[in-house]
Structure formats: C-alpha cells, structure tokens
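Engineer: Provided below: query_7.tsv, containing TSV, C-alpha atoms.
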```
chain	number	residue	atom	x	y	z
A	6	MET	CA	2.92	-15.80	26.15
A	7	SER	CA	2.72	-11.98	26.14
A	8	ASP	CA	-0.60	-10.17	26.31
A	9	PRO	CA	-2.12	-9.21	22.93
A	10	VAL	CA	-1.73	-5.66	21.69
A	11	SER	CA	-5.01	-3.75	21.87
A	12	VAL	CA	-6.20	-1.99	18.70
A	13	ALA	CA	-8.83	0.70	18.24
A	14	LEU	CA	-9.96	1.47	14.69
A	15	VAL	CA	-11.49	4.74	13.53
A	16	GLY	CA	-13.41	4.23	10.30
A	17	GLY	CA	-14.37	0.58	10.22
A	18	ASP	CA	-16.98	1.44	7.58
A	19	THR	CA	-14.40	2.68	5.05
A	20	PRO	CA	-12.88	0.30	2.46
A	21	GLN	CA	-9.40	0.51	3.95
A	22	GLY	CA	-10.76	0.31	7.49
A	23	ALA	CA	-12.81	-2.79	6.71
A	24	GLU	CA	-9.79	-4.52	5.19
A	25	PHE	CA	-7.57	-3.63	8.15
A	26	LEU	CA	-10.26	-4.94	10.49
A	27	ARG	CA	-10.37	-8.26	8.65
A	28	LEU	CA	-6.61	-8.63	8.89
A	29	ALA	CA	-6.35	-7.48	12.50
A	30	LEU	CA	-9.02	-9.91	13.70
A	31	ALA	CA	-6.95	-12.80	12.30
A	32	HIS	CA	-3.63	-11.51	13.69
A	33	PRO	CA	-2.49	-13.69	16.63
A	34	GLY	CA	-0.83	-10.81	18.46
A	35	LEU	CA	-3.63	-8.24	18.23
A	36	GLU	CA	-6.93	-7.74	20.04
A	37	VAL	CA	-9.41	-5.38	18.39
A	38	THR	CA	-11.12	-3.62	21.29
A	39	GLY	CA	-13.17	-0.97	19.49
A	40	VAL	CA	-14.26	0.03	15.98
A	41	SER	CA	-16.00	3.24	15.01
A	42	ALA	CA	-18.29	4.06	12.09
A	43	ARG	CA	-19.98	7.29	11.11
A	44	ALA	CA	-23.56	6.02	10.67
A	45	GLN	CA	-23.61	2.48	12.11
A	46	ALA	CA	-22.93	3.15	15.80
A	47	GLY	CA	-24.58	0.38	17.80
A	48	GLN	CA	-24.87	-2.01	14.85
A	49	PRO	CA	-23.04	-5.36	15.16
A	50	ILE	CA	-20.04	-5.43	12.85
A	51	ALA	CA	-21.04	-8.84	11.52
A	52	GLU	CA	-24.32	-7.40	10.22
A	53	LEU	CA	-22.46	-5.02	7.92
A	54	TYR	CA	-19.75	-7.60	7.14
A	55	PRO	CA	-21.37	-11.05	7.15
A	56	THR	CA	-18.03	-12.78	6.49
A	57	LEU	CA	-17.03	-11.76	10.03
A	58	ARG	CA	-19.84	-13.75	11.67
A	59	ALA	CA	-18.39	-16.00	14.34
A	60	VAL	CA	-15.20	-13.93	14.13
A	61	THR	CA	-16.22	-10.94	16.22
A	62	ARG	CA	-19.13	-9.92	18.43
A	63	LEU	CA	-18.12	-6.28	18.54
A	64	SER	CA	-20.52	-3.54	17.51
A	65	PHE	CA	-19.62	-0.25	15.91
A	66	ARG	CA	-19.29	2.79	18.13
A	67	ALA	CA	-19.10	6.52	17.58
A	68	ALA	CA	-15.49	7.65	17.30
A	69	ALA	CA	-15.84	9.57	20.55
A	70	GLY	CA	-16.76	6.34	22.32
A	71	LEU	CA	-13.53	4.50	21.52
A	72	GLU	CA	-11.38	3.71	24.52
A	73	GLU	CA	-7.63	4.15	24.74
A	74	ALA	CA	-5.65	1.38	23.05
A	75	ASP	CA	-2.04	0.40	22.40
A	76	VAL	CA	-2.54	0.98	18.68
A	77	LEU	CA	-4.86	3.55	17.14
A	78	VAL	CA	-5.63	3.04	13.44
A	79	LEU	CA	-7.06	6.06	11.62
A	80	ALA	CA	-8.92	4.94	8.51
A	81	ASP	CA	-11.27	7.92	8.56
A	82	THR	CA	-10.98	11.62	9.36
A	83	ALA	CA	-13.87	11.55	11.85
A	84	GLU	CA	-13.40	14.10	14.61
A	85	GLY	CA	-14.12	13.69	18.28
A	86	GLY	CA	-12.35	10.40	18.77
A	87	PRO	CA	-8.87	9.55	20.06
A	88	GLN	CA	-5.92	10.91	18.10
A	89	GLU	CA	-3.03	8.80	19.41
A	90	GLY	CA	-2.39	5.22	20.48
A	91	THR	CA	-0.33	4.65	23.60
A	92	ARG	CA	2.29	2.76	21.58
A	93	LEU	CA	1.54	3.39	17.92
A	94	THR	CA	-0.65	5.53	15.68
A	95	LEU	CA	-1.28	4.32	12.12
A	96	ASP	CA	-2.78	6.81	9.67
A	97	LEU	CA	-4.39	5.36	6.53
A	98	THR	CA	-6.18	8.56	5.48
A	99	GLY	CA	-3.35	10.25	3.59
A	100	ARG	CA	-3.43	13.30	5.86
A	101	ARG	CA	0.01	12.62	7.35
A	102	VAL	CA	2.00	11.47	4.32
A	103	ALA	CA	3.47	14.94	3.73
A	104	GLU	CA	4.74	15.00	7.32
A	105	ALA	CA	6.08	11.47	7.01
A	106	LEU	CA	8.08	12.56	3.96
A	107	THR	CA	9.52	15.51	5.93
A	108	PRO	CA	12.60	14.61	8.00
A	109	GLY	CA	12.24	15.26	11.71
A	110	SER	CA	8.43	15.41	11.72
A	111	GLY	CA	8.03	12.42	14.05
A	112	TRP	CA	6.06	10.50	11.42
A	113	VAL	CA	7.47	7.55	9.45
A	114	TYR	CA	6.45	6.66	5.91
A	115	GLY	CA	4.85	3.21	5.97
A	116	LEU	CA	6.42	1.60	2.90
A	117	PRO	CA	8.47	-1.23	4.44
A	118	GLU	CA	10.64	-2.05	1.42
A	119	ARG	CA	11.85	1.56	1.47
A	120	THR	CA	11.69	2.56	5.15
A	121	ARG	CA	12.09	-0.69	7.08
A	122	GLY	CA	14.81	0.63	9.39
A	123	ALA	CA	12.84	3.72	10.36
A	124	LEU	CA	9.69	1.67	10.96
A	125	ARG	CA	11.32	-0.45	13.67
A	126	GLY	CA	10.21	1.12	16.95
A	127	ALA	CA	8.21	3.88	15.23
A	128	THR	CA	5.32	5.43	17.17
A	129	ARG	CA	3.62	7.30	14.30
A	130	VAL	CA	3.27	5.81	10.83
A	131	ALA	CA	1.55	7.27	7.75
A	132	VAL	CA	0.69	4.69	5.09
A	133	PRO	CA	1.23	5.80	1.48
A	134	GLY	CA	-1.46	5.87	-1.17
A	135	ASP	CA	-2.06	2.88	-3.42
A	136	LEU	CA	-0.78	4.50	-6.62
A	137	THR	CA	2.22	5.88	-4.74
A	138	THR	CA	3.02	2.40	-3.48
A	139	ALA	CA	2.93	1.01	-7.01
A	140	ALA	CA	4.90	3.90	-8.52
A	141	VAL	CA	7.64	4.04	-5.90
A	142	LEU	CA	8.25	0.30	-5.78
A	143	THR	CA	8.27	0.21	-9.59
A	144	LEU	CA	10.52	3.20	-10.30
A	145	ALA	CA	12.72	3.91	-7.27
A	146	PRO	CA	15.23	1.02	-7.57
A	147	LEU	CA	15.75	1.67	-11.27
A	148	LEU	CA	16.25	5.41	-10.80
A	149	GLU	CA	18.66	4.88	-7.92
A	150	GLN	CA	20.78	2.46	-9.93
A	151	GLY	CA	20.80	4.60	-13.07
A	152	VAL	CA	18.82	2.08	-15.12
A	153	LEU	CA	16.19	4.72	-16.01
A	154	LEU	CA	16.73	8.20	-17.36
A	155	PRO	CA	15.12	10.82	-15.09
A	156	ARG	CA	12.99	12.25	-17.89
A	157	GLY	CA	9.99	11.34	-20.00
A	158	LEU	CA	8.28	9.42	-17.19
A	159	ARG	CA	4.60	8.82	-17.87
A	160	LEU	CA	2.35	7.01	-15.40
A	161	THR	CA	-1.03	5.56	-16.36
A	162	GLU	CA	-3.30	4.28	-13.62
A	163	LEU	CA	-5.96	1.72	-14.52
A	164	ARG	CA	-8.51	0.64	-11.94
A	165	GLY	CA	-11.97	-0.80	-11.79
A	166	ALA	CA	-14.97	1.51	-12.15
A	167	PRO	CA	-18.74	1.16	-12.69
A	168	ALA	CA	-18.41	2.99	-16.00
A	169	PRO	CA	-15.51	4.13	-18.19
A	170	ALA	CA	-13.83	7.27	-16.84
A	171	PHE	CA	-10.67	9.13	-17.87
A	172	ALA	CA	-8.61	11.95	-16.37
A	173	VAL	CA	-5.22	13.63	-16.47
A	174	GLY	CA	-3.23	14.39	-13.33
A	175	HIS	CA	-3.62	12.58	-10.01
A	176	ALA	CA	-4.32	13.42	-6.37
A	177	GLN	CA	-1.23	11.45	-5.30
A	178	ALA	CA	1.09	13.19	-7.79
A	179	ASP	CA	2.87	15.33	-5.19
A	180	GLU	CA	3.30	12.39	-2.83
A	181	ILE	CA	4.80	10.28	-5.62
A	182	ALA	CA	7.18	13.05	-6.64
A	183	ARG	CA	8.40	13.49	-3.06
A	184	ALA	CA	8.71	9.77	-2.35
A	185	LEU	CA	10.84	9.07	-5.45
A	186	PRO	CA	14.60	9.75	-5.45
A	187	GLY	CA	15.35	13.01	-7.26
A	188	ARG	CA	13.05	15.66	-8.70
A	189	PHE	CA	11.93	15.35	-12.32
A	190	PRO	CA	8.76	15.85	-14.38
A	191	LEU	CA	6.06	13.19	-14.12
A	192	GLU	CA	2.99	12.93	-16.35
A	193	PHE	CA	-0.18	11.22	-15.11
A	194	THR	CA	-3.18	9.67	-16.80
A	195	ALA	CA	-5.95	7.80	-15.00
A	196	ALA	CA	-8.65	5.52	-16.38
A	197	GLY	CA	-11.50	3.67	-14.74
A	198	LEU	CA	-12.40	0.47	-16.58
A	199	PRO	CA	-15.44	-1.73	-15.88
A	200	GLY	CA	-14.46	-5.30	-15.07
A	201	LEU	CA	-10.93	-4.51	-13.88
A	202	ASN	CA	-10.42	-5.85	-10.37
A	203	GLY	CA	-7.69	-3.91	-8.58
A	204	LEU	CA	-5.02	-1.43	-9.60
A	205	LEU	CA	-2.72	-1.74	-12.62
A	206	LEU	CA	0.06	0.80	-13.19
A	207	LEU	CA	1.73	1.34	-16.55
A	208	ALA	CA	4.94	3.39	-16.31
A	209	GLU	CA	6.60	4.49	-19.56
A	210	ALA	CA	10.27	5.39	-19.21
A	211	TRP	CA	13.60	5.38	-21.07
A	212	VAL	CA	16.81	3.47	-20.42
A	213	PRO	CA	20.30	4.81	-21.28
A	214	ASP	CA	22.03	3.69	-24.46
A	215	GLY	CA	23.49	0.22	-24.15
A	216	TYR	CA	21.09	-0.94	-21.43
A	217	SER	CA	18.88	-4.00	-21.85
A	218	GLU	CA	15.97	-5.66	-20.11
A	219	ARG	CA	18.51	-7.77	-18.24
A	220	ASP	CA	19.77	-4.60	-16.53
A	221	VAL	CA	16.24	-3.75	-15.45
A	222	TRP	CA	15.69	-7.17	-13.90
A	223	SER	CA	19.12	-7.18	-12.27
A	224	ALA	CA	18.27	-3.92	-10.53
A	225	TYR	CA	14.92	-5.29	-9.38
A	226	ARG	CA	16.48	-8.51	-8.08
A	227	GLU	CA	19.10	-6.60	-6.16
A	228	ALA	CA	16.54	-4.24	-4.63
A	229	TYR	CA	13.97	-6.87	-3.70
A	230	ALA	CA	16.09	-9.90	-2.81
A	231	GLY	CA	14.42	-11.53	0.17
A	232	GLU	CA	11.34	-9.31	0.05
A	233	ALA	CA	8.37	-11.53	0.87
A	234	PHE	CA	5.69	-9.33	-0.67
A	235	VAL	CA	7.23	-8.28	-4.00
A	236	ARG	CA	6.74	-10.68	-6.89
A	237	LEU	CA	8.99	-10.24	-9.93
A	238	LEU	CA	7.47	-11.60	-13.14
A	239	PRO	CA	9.91	-11.70	-16.07
A	240	GLY	CA	7.90	-12.63	-19.15
A	241	ASP	CA	4.56	-12.76	-17.29
A	242	PRO	CA	2.31	-9.67	-17.06
A	243	PRO	CA	1.09	-8.63	-13.60
A	244	ASP	CA	-2.59	-9.28	-12.96
A	245	PRO	CA	-4.46	-7.41	-10.19
A	246	ALA	CA	-7.32	-9.95	-10.28
A	247	ARG	CA	-5.19	-12.65	-8.65
A	248	LEU	CA	-4.00	-10.28	-5.92
A	249	ARG	CA	-7.34	-9.50	-4.27
A	250	GLY	CA	-7.00	-9.62	-0.50
A	251	THR	CA	-3.24	-10.23	-0.63
A	252	PRO	CA	-0.23	-8.18	0.56
A	253	PHE	CA	1.67	-8.63	-2.72
A	254	ILE	CA	2.72	-6.33	-5.52
A	255	GLU	CA	3.64	-7.84	-8.88
A	256	LEU	CA	6.16	-6.17	-11.22
A	257	GLY	CA	6.74	-6.78	-14.94
A	258	THR	CA	8.57	-5.10	-17.82
A	259	CYS	CA	8.73	-4.87	-21.61
A	260	LEU	CA	11.61	-3.11	-23.40
A	261	ASP	CA	12.02	-1.92	-27.00
A	262	LEU	CA	15.77	-2.22	-27.57
A	263	ASP	CA	15.72	-0.09	-30.73
A	264	SER	CA	14.23	2.97	-29.06
A	265	GLY	CA	15.23	2.38	-25.43
A	266	ARG	CA	11.60	2.80	-24.33
A	267	VAL	CA	10.59	0.54	-21.46
A	268	LEU	CA	7.10	-0.20	-20.20
A	269	LEU	CA	7.07	-1.06	-16.50
A	270	THR	CA	3.93	-2.65	-15.09
A	271	ALA	CA	2.74	-3.18	-11.53
A	272	ALA	CA	-0.40	-4.67	-10.02
A	273	LEU	CA	-1.78	-4.66	-6.49
A	274	ASP	CA	-4.96	-4.71	-4.42
A	275	PRO	CA	-5.66	-1.04	-3.49
A	276	ARG	CA	-7.21	-2.00	-0.14
A	277	GLY	CA	-4.59	-4.66	0.62
A	278	ARG	CA	-1.05	-3.97	-0.54
A	279	GLY	CA	-2.06	-0.39	-1.29
A	280	SER	CA	-3.36	0.28	2.22
A	281	ALA	CA	-4.32	-2.15	4.99
A	282	ALA	CA	-1.81	-4.95	4.35
A	283	GLN	CA	1.21	-2.69	4.34
A	284	ALA	CA	-0.23	-0.89	7.35
A	285	LEU	CA	-0.23	-4.23	9.18
A	286	GLN	CA	3.28	-4.98	7.90
A	287	SER	CA	4.38	-1.58	9.25
A	288	LEU	CA	2.64	-2.29	12.56
A	289	ASN	CA	4.54	-5.56	12.91
A	290	LEU	CA	7.84	-3.79	12.33
A	291	ALA	CA	7.02	-0.94	14.71
A	292	LEU	CA	6.04	-3.30	17.54
A	293	GLY	CA	8.89	-5.76	17.01
A	294	GLN	CA	6.72	-8.63	15.79
A	295	PRO	CA	7.62	-10.88	12.84
A	296	GLU	CA	7.04	-8.75	9.76
A	297	GLY	CA	4.74	-11.17	7.95
A	298	THR	CA	2.50	-12.03	10.90
A	299	GLY	CA	-1.15	-11.97	9.85
A	300	LEU	CA	-0.25	-11.63	6.17
A	301	GLY	CA	-0.18	-15.24	5.06
A	302	PHE	CA	-3.02	-15.14	2.52
A	303	THR	CA	-1.53	-15.84	-0.93
A	304	GLY	CA	-4.68	-15.35	-3.01
A	305	LEU	CA	-7.42	-17.59	-4.38
A	306	LEU	CA	-6.71	-20.32	-6.88
A	307	PRO	CA	-8.35	-19.86	-10.30
```
Mind turning the file's structure into structure tokens?
Structural biologist:
Amino acid sequence: MSDPVSVALVGGDTPQGAEFLRLALAHPGLEVTGVSARAQAGQPIAELYPTLRAVTRLSFRAAAGLEEADVLVLADTAEGGPQEGTRLTLDLTGRRVAEALTPGSGWVYGLPERTRGALRGATRVAVPGDLTTAAVLTLAPLLEQGVLLPRGLRLTELRGAPAPAFAVGHAQADEIARALPGRFPLEFTAAGLPGLNGLLLLAEAWVPDGYSERDVWSAYREAYAGEAFVRLLPGDPPDPARLRGTPFIELGTCLDLDSGRVLLTAALDPRGRGSAAQALQSLNLALGQPEGTGLGFTGLLP
C-alpha cells in the first residue's frame, strides 16, 4: 500500500476550510499534517469542532508554522505561510479563478464536470465559487447545444441568512460570465432568506421556437451521463436542505410552452459541492486517485 499523501491546510477556521478538513480526515489516501487558523493557534482542533473528537489530535498552528506537504490547501488568504504544495496547490479563496480561466496561466479551473481532462495531473487548481458552480452546471450544456437562447438570462440566488436581505449584482458575476460558453448579458439578483439551508439558484431563460422541456432534459442527460455528483430531477424540485454535507448538485426545470420561457433550478451545499467537496474531487483527479474517494456521504434521511 502506498504512503498517504500529506496535506497542509491554511484556514481551518473558515467555513470552507472546516468542511475540507472534515472530508480530508476521512479520506483513506490523505494524511492531514498541519492546519492553520488566524486566532486559534495552539488550540486543539477538536475543541473548536467537537464532532472531530477522536478523529484528530492536531492543534491549530499559525500559517507560518505549517510544514511543507504534498498538497497545500488555501482556504484563507493569511500571509506568512507556505504558498505551494510539493505536488498540488488547491486554492479555495477565489483569488486564482481569473488565472484558472486564462489559458496558459498554469492554473486549472476545479469544476470536474467541465475540466476533468485538464485536472488529471494538474499541480495548481482554483476551485470556483458556489454560485458559479450552480450557474455553469445549470446553463453551460444547454447553451452549448443550442437549447437556450443567449439572451434574457436572469439569475436569482437564494441562500440562508439571519434576516431577510436583497441585492442586485453579484461578486461572482465576472467569473460566471467567463466560465460560461459565449459572451452575453447576465442579470443577477440575490436574496438572503431565514430558514433556507443551502444555496438555491433560479435561472430564467428562453428556448428557441419549437423546443420543449424534453429537449432540455435530453441535453442534460447527454452532458451528465455517468456523472456521479449531478442529480437530474425531472418533475421534482431541487432542495438544498437534503444536500447538506454532500458533494451533489440537483437540477430541475419548468417550461412554459406558450412563451418559451424556462425556469432552471439548481441546489447545492455552498461549503460542500460549492467548495470543499469539489476541491477534494479535483484533488483526486490531480493525484490519480479514484475520483469519488472520500465523497461517499449521500445526505441524511428525513
């Protein structure tokens, strides 16, 4: 049996860092050797995350105290720590996504359903944002196959919040525009809703004359045949609540045949499928391990 791959994590006190840590500790081919935090240096990890008791005895360190590792995971922008892993660097902060979307930069965009070939053997991977993940996996196959018209695209992001909050525009708008095939106007609305657990995307679009909902689902089935972490739900609305802690994205649709207006829906866990889970999926591809290793959690039963 080969030696485990060592992993150092910068930002174990961030939401995406904590989720990656949970997944990495359960991965049979990885050994977490160091985890940094901004304010908890010296504190046992299991004190901050009680669910990790009896799972790890590691304590947080300052970023500068992390030792060299095969894989460096950047879940925070803390300075003074290592910047590269000896085999792979995974960036979850969003700082490198523009480079990853620029050919020849040396960075690979960590969205396996779209960049699987490039991820194999990659040494630098930038993981996309959660809304970008939902938007690209929802829209890209339909745009590429001509099932959607490249106009009138409106994206509404719904996610949990302590109190109702509403906004226009989005911080990931440029990333989404660059990651989608073609260049066309996109409109964004965001809402924070108390009680909503996870991320729900509503994408309003238009299909060409003569197209039906069957064409939409045919395009999805062709694009995602054999994809382990994409769930297609004809007739069943996606629900982010059942996806907590999972690597899945759920896709659904509703089409008005008279007008040609289609409502595309997607749900995911922002810290899981929208960050740490697809980072681990990308890691597996980059290091030549089975793609689904460490990603077997299917969600809690109701």
Engineer: Counting all atoms listed in the file, I want the residues whose atoms come within 10 Å of (14.1, -0.8, 13.5) in the file frame, returned as an mmCIF file with C-alpha atoms, in the frame of the given file.
Structural biologist:
```
data_model
loop_
_atom_site.group_PDB
_atom_site.id
_atom_site.type_symbol
_atom_site.label_atom_id
_atom_site.label_comp_id
_atom_site.auth_asym_id
_atom_site.auth_seq_id
_atom_site.Cartn_x
_atom_site.Cartn_y
_atom_site.Cartn_z
ATOM 1 C CA THR A 120 11.690 2.560 5.150
ATOM 2 C CA ARG A 121 12.090 -0.690 7.080
ATOM 3 C CA GLY A 122 14.810 0.630 9.390
ATOM 4 C CA ALA A 123 12.840 3.720 10.360
ATOM 5 C CA LEU A 124 9.690 1.670 10.960
ATOM 6 C CA ARG A 125 11.320 -0.450 13.670
ATOM 7 C CA GLY A 126 10.210 1.120 16.950
ATOM 8 C CA ALA A 127 8.210 3.880 15.230
ATOM 9 C CA LEU A 290 7.840 -3.790 12.330
ATOM 10 C CA ALA A 291 7.020 -0.940 14.710
ATOM 11 C CA LEU A 292 6.040 -3.300 17.540
ATOM 12 C CA GLY A 293 8.890 -5.760 17.010
#
```
Engineer: Quick one: of A:Asp96, A:Glu227, A:Asp18, A:Glu52, who's nearest to A:Ala68, counting all atoms listed in the file?
Structural biologist: A:Asp18
Engineer: Counting all atoms listed in the file, which of A:Thr251, A:Gln177, A:Thr98, A:Ser287 gets nearest to A:Thr82?
Structural biologist: A:Thr98
Engineer: Restricting the calculation to all atoms listed in the file: of A:Ala170, A:Leu79, A:Val152, A:Ala195, which residue gets closest to A:Trp211?
Structural biologist: A:Val152
Engineer: Provide the atom CA of A:Gly265 to atom CA of A:Asp241 distance in Å, to one decimal place.
Structural biologist: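 A separation of 20.2 Å between them.
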